[in-house]
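For reference, the structure discussed in these notes is given below.
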Amino acid sequence: MPLTNLAPWRGAKQRKMRPKKNHYIQDLILEGEHEHQDFKYQITDARKIARSIAAFANNSGGHLLIGVKDNGNIAGVRSDEEIYMIETAAQMYCRPEQHVTFKVYSINGKSVVKADIAEAEEKPVEAPDDNGNWHVYYRVADENVLASRLHERILSHGAGESQPDETISYSEREQVLLQYLREHGGITLDGFKRLAHISEETAVQTVVALHGMGVVNVVYHDGECLIVGV
């Protein structure tokens with residue numbers, strides 16, 4: 001994206017954002033980092049922060065608290081510089097670009113920026129790694145993880161929706177998977193391939209279809225992407 005597209009934020013930087021004198025932010029800090037909240041001491045790398053933005057956007061949204069250390073201590077930041085860096089990350093290093101909203105809070109004379117990221121309307125959202133290769137990231141607990149190929153396809157296909165009350169006919173491989181999930185709770189994509197004696201692409205298509213019916217989901221556990229029943 002041409003740097004000229006960032007001109008509006010240069011103006012915002014010049015206008016200065018006044019910190020809000022509201023200490024409710026301390027309650028958020030007490031929650032610690034989790035699926036919808038991440039602490040950042042400061043923003044020094046737009047590409048790196050883009051991964052956090054993408055991860056929240058691919059999940060159900062979340063927010064960054066900038067000027068807060070990992071242990072919850074408030075360090076404070078120069079709010080206008082942090083806002084400009086995050087907006088740059090959202091525009092230049094998220095694909096498709098994302099919109100971030102900001103509020104600045106003053107706590108004991110130190111500024112903390114709360115950057116809110118909404119769930120993306122168009123998924124998946126990609127961001128580059130340190131080598132410039134684009135990947136899909138997803139927020140799991142207090143980490144941004146690389147989404148699995150299966151999860152990428154599900155994000156591209158859209159969220160699962162409940163079907164109306166009607167009889168649904170499942171294929172043999174779909175029945176095999178659903179029966180296994182009822183008995184065991186979850187399975188990896190590789191496990192499903194072996195169980196049903198099918199190719200990876202067929203396994204992916206099957207899971208995506210069932211997810212679209214609202215009967216299966218994917219979760220991350222111990223570094224693995226698991227298919228689970230709903």
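The chains in the structure tokens are called A, B, ... from first to last as shown; in each chain the residues are counted from 1, and the ligands are counted from 1 in the order shown.
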For this session: Determine which residues of range 87-158 of chain A receive a DSSP assignment of strand (DSSP E), computed from the backbone, and state them as a count of residues only.
Result: 30
Problem set entry | Surrounding residues of range 181-197 of chain A excluding itself and chain neighbours under 4 positions, 8 Å, only C-alpha atoms, as a list in words |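 Returned residues: Leu150, Arg173, Val176, Leu177, Ala203, Val204, Glu224, Cys225, Leu226, Ile227, Val228 and Gly229 of chain A.
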For this session: Select, from A:Ile49, A:Ile198, A:Ile43, A:Val145, the residue with the minimum atom-to-atom distance to Glu82 in chain A, counting only C-alpha atoms.
Result: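 Of A:Ile49, A:Ile198, A:Ile43, A:Val145, the one nearest Glu82 in chain A is A:Ile43, counting only C-alpha atoms.
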Per DSSP on the backbone, filter range 3-225 of chain A down to the residues in helix (DSSP H, G or I) and report them as a short mmCIF file (atom, residue, chain, number, x, y, z; two decimals) with C-alpha atoms, in the first residue's frame.
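What ended up in result.cif:
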data_model
loop_
_atom_site.label_atom_id
_atom_site.label_comp_id
_atom_site.auth_asym_id
_atom_site.auth_seq_id
_atom_site.Cartn_x
_atom_site.Cartn_y
_atom_site.Cartn_z
CA LEU A 3 2.53 5.47 2.10
CA THR A 4 0.33 8.30 0.84
CA ASN A 5 -2.67 6.26 2.01
CA LEU A 6 -1.50 6.79 5.57
CA ALA A 7 -1.70 10.57 5.34
CA PRO A 8 -4.90 10.82 7.44
CA TRP A 9 -3.06 9.27 10.35
CA ARG A 10 -0.24 11.74 10.08
CA GLY A 11 -2.88 14.36 10.67
CA ALA A 12 -4.26 12.43 13.62
CA LYS A 13 -0.76 12.26 15.04
CA GLN A 14 -0.43 16.02 14.84
CA ARG A 15 -3.80 16.63 16.49
CA ILE A 25 -8.28 -0.23 32.47
CA GLN A 26 -6.70 -1.60 35.65
CA ASP A 27 -9.54 -4.11 35.92
CA LEU A 28 -8.70 -5.35 32.44
CA ILE A 29 -5.03 -5.71 33.39
CA LEU A 30 -6.02 -7.86 36.37
CA GLU A 31 -7.61 -10.35 33.93
CA ALA A 46 4.58 -3.20 12.47
CA ARG A 47 4.75 -6.65 10.84
CA LYS A 48 4.89 -8.38 14.22
CA ILE A 49 1.93 -6.50 15.65
CA ALA A 50 0.01 -7.26 12.44
CA ARG A 51 0.07 -10.93 13.46
CA SER A 52 -1.76 -10.06 16.67
CA ILE A 53 -4.31 -7.99 14.76
CA ALA A 54 -4.86 -10.82 12.27
CA ALA A 55 -5.12 -13.43 15.03
CA PHE A 56 -7.86 -11.48 16.84
CA ALA A 57 -9.65 -10.70 13.59
CA ASN A 58 -9.71 -14.39 12.60
CA SER A 79 0.32 7.18 22.58
CA ASP A 80 0.40 8.93 19.19
CA GLU A 81 3.45 6.99 18.02
CA GLU A 82 1.93 3.65 19.10
CA ILE A 83 -1.37 4.42 17.39
CA TYR A 84 0.37 5.36 14.16
CA MET A 85 2.42 2.13 14.23
CA ILE A 86 -0.64 -0.06 14.83
CA GLU A 87 -2.66 1.67 12.14
CA THR A 88 0.23 1.16 9.75
CA ALA A 89 0.30 -2.55 10.66
CA ALA A 90 -3.46 -2.90 10.12
CA GLN A 91 -3.34 -1.20 6.73
CA MET A 92 -0.04 -2.36 5.26
CA ARG A 149 -4.63 -25.81 6.56
CA LEU A 150 -7.97 -27.26 7.64
CA HIS A 151 -8.77 -24.22 9.77
CA GLU A 152 -7.83 -21.87 6.92
CA ARG A 153 -10.35 -23.62 4.68
CA ILE A 154 -13.04 -23.37 7.34
CA LEU A 155 -12.35 -19.66 7.84
CA SER A 156 -12.57 -19.16 4.07
CA HIS A 157 -15.82 -21.12 3.91
CA GLU A 172 -20.60 -42.85 4.86
CA ARG A 173 -17.39 -40.97 5.69
CA GLU A 174 -19.37 -38.24 7.47
CA GLN A 175 -21.12 -40.89 9.56
CA VAL A 176 -17.76 -42.47 10.39
CA LEU A 177 -16.41 -39.15 11.65
CA LEU A 178 -19.52 -38.21 13.64
CA GLN A 179 -19.68 -41.65 15.28
CA TYR A 180 -16.00 -41.38 16.27
CA LEU A 181 -16.53 -37.92 17.75
CA ARG A 182 -19.49 -39.16 19.79
CA GLU A 183 -17.35 -41.92 21.25
CA HIS A 184 -13.98 -40.19 21.61
CA LEU A 189 -7.24 -34.44 10.37
CA ASP A 190 -4.57 -37.13 9.91
CA GLY A 191 -6.47 -39.37 12.28
CA PHE A 192 -9.67 -38.89 10.29
CA LYS A 193 -7.84 -39.67 7.03
CA ARG A 194 -6.64 -42.99 8.43
CA LEU A 195 -9.96 -43.77 10.05
CA ALA A 196 -11.98 -43.26 6.86
CA GLU A 200 -6.32 -35.31 2.84
CA GLU A 201 -8.31 -33.19 0.40
CA THR A 202 -11.38 -35.42 0.80
CA ALA A 203 -10.99 -35.26 4.58
CA VAL A 204 -10.77 -31.45 4.47
CA GLN A 205 -13.83 -31.18 2.22
CA THR A 206 -15.79 -33.47 4.55
CA VAL A 207 -14.95 -31.48 7.67
CA VAL A 208 -15.65 -28.14 5.96
CA ALA A 209 -19.05 -29.43 4.85
CA LEU A 210 -19.93 -30.68 8.34
CA HIS A 211 -18.76 -27.41 9.83
CA GLY A 212 -21.07 -25.60 7.43
#
For this session: Please measure the separation of CA of Ile117 in chain A and CA of Ser60 in chain A, giving the value in Å to one decimal.
Result: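 Value for the CA of Ile117 in chain A-CA of Ser60 in chain A distance: 9.0 Å.
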Exercise. By how many Å are CA of Gly62 in chain A and CA of Thr101 in chain A apart?
Worked result: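 The value is 11.2 Å.
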Problem set entry | Residues near Glu35 in chain A, cut-off 6 Å, only C-alpha atoms, skip fewer than 5 positions along chain, as a VMD selection string | chain A and resid 139 to 142
Same residues, N, CA and C atoms, saved as a compact mmCIF listing (two decimals), in the first residue's frame:
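After the write, selection01.txt holds the following:
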# COMPACT_ATOMS: atom_id res chain seq x y z
N ARG A 139 -6.00 -16.61 17.30
CA ARG A 139 -5.77 -16.39 18.73
C ARG A 139 -6.25 -17.60 19.52
N VAL A 140 -5.33 -18.23 20.26
CA VAL A 140 -5.66 -19.38 21.10
C VAL A 140 -5.13 -19.09 22.50
N ALA A 141 -6.02 -19.00 23.48
CA ALA A 141 -5.65 -18.64 24.85
C ALA A 141 -4.89 -17.31 24.80
N ASP A 142 -3.62 -17.30 25.24
CA ASP A 142 -2.86 -16.04 25.25
C ASP A 142 -1.78 -16.04 24.18
Exercise. Which value, in Å to one decimal, gives the distance between CA of Ser148 in chain A and CA of Gln37 in chain A?
Worked result: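 Value for the CA of Ser148 in chain A-CA of Gln37 in chain A distance: 22.0 Å.
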Problem set entry | Who sits within 10 Å of Asn108 in chain A, only C-alpha atoms, same chain under 3 positions skipped, as a ChimeraX atom specification | /A:21,23,74,76,105,111
Could those selected residues go to a file with C-alpha atoms, as a tab-separated table (two decimals), in the first residue's frame?
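Below is the file that was written, result.tsv:
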chain	number	residue	atom	x	y	z
A	21	LYS	CA	-8.76	9.78	33.03
A	23	HIS	CA	-8.86	3.73	35.71
A	74	ILE	CA	2.15	-0.24	33.61
A	76	GLY	CA	3.25	3.83	29.67
A	105	TYR	CA	-6.11	6.09	29.31
A	111	SER	CA	-0.58	6.59	29.06
For this session: Counting only C-alpha atoms, figure out which residue out of A:His34, A:His221, A:His63, A:Arg95 gets nearest to Asp116 in chain A.
Result: A:His63
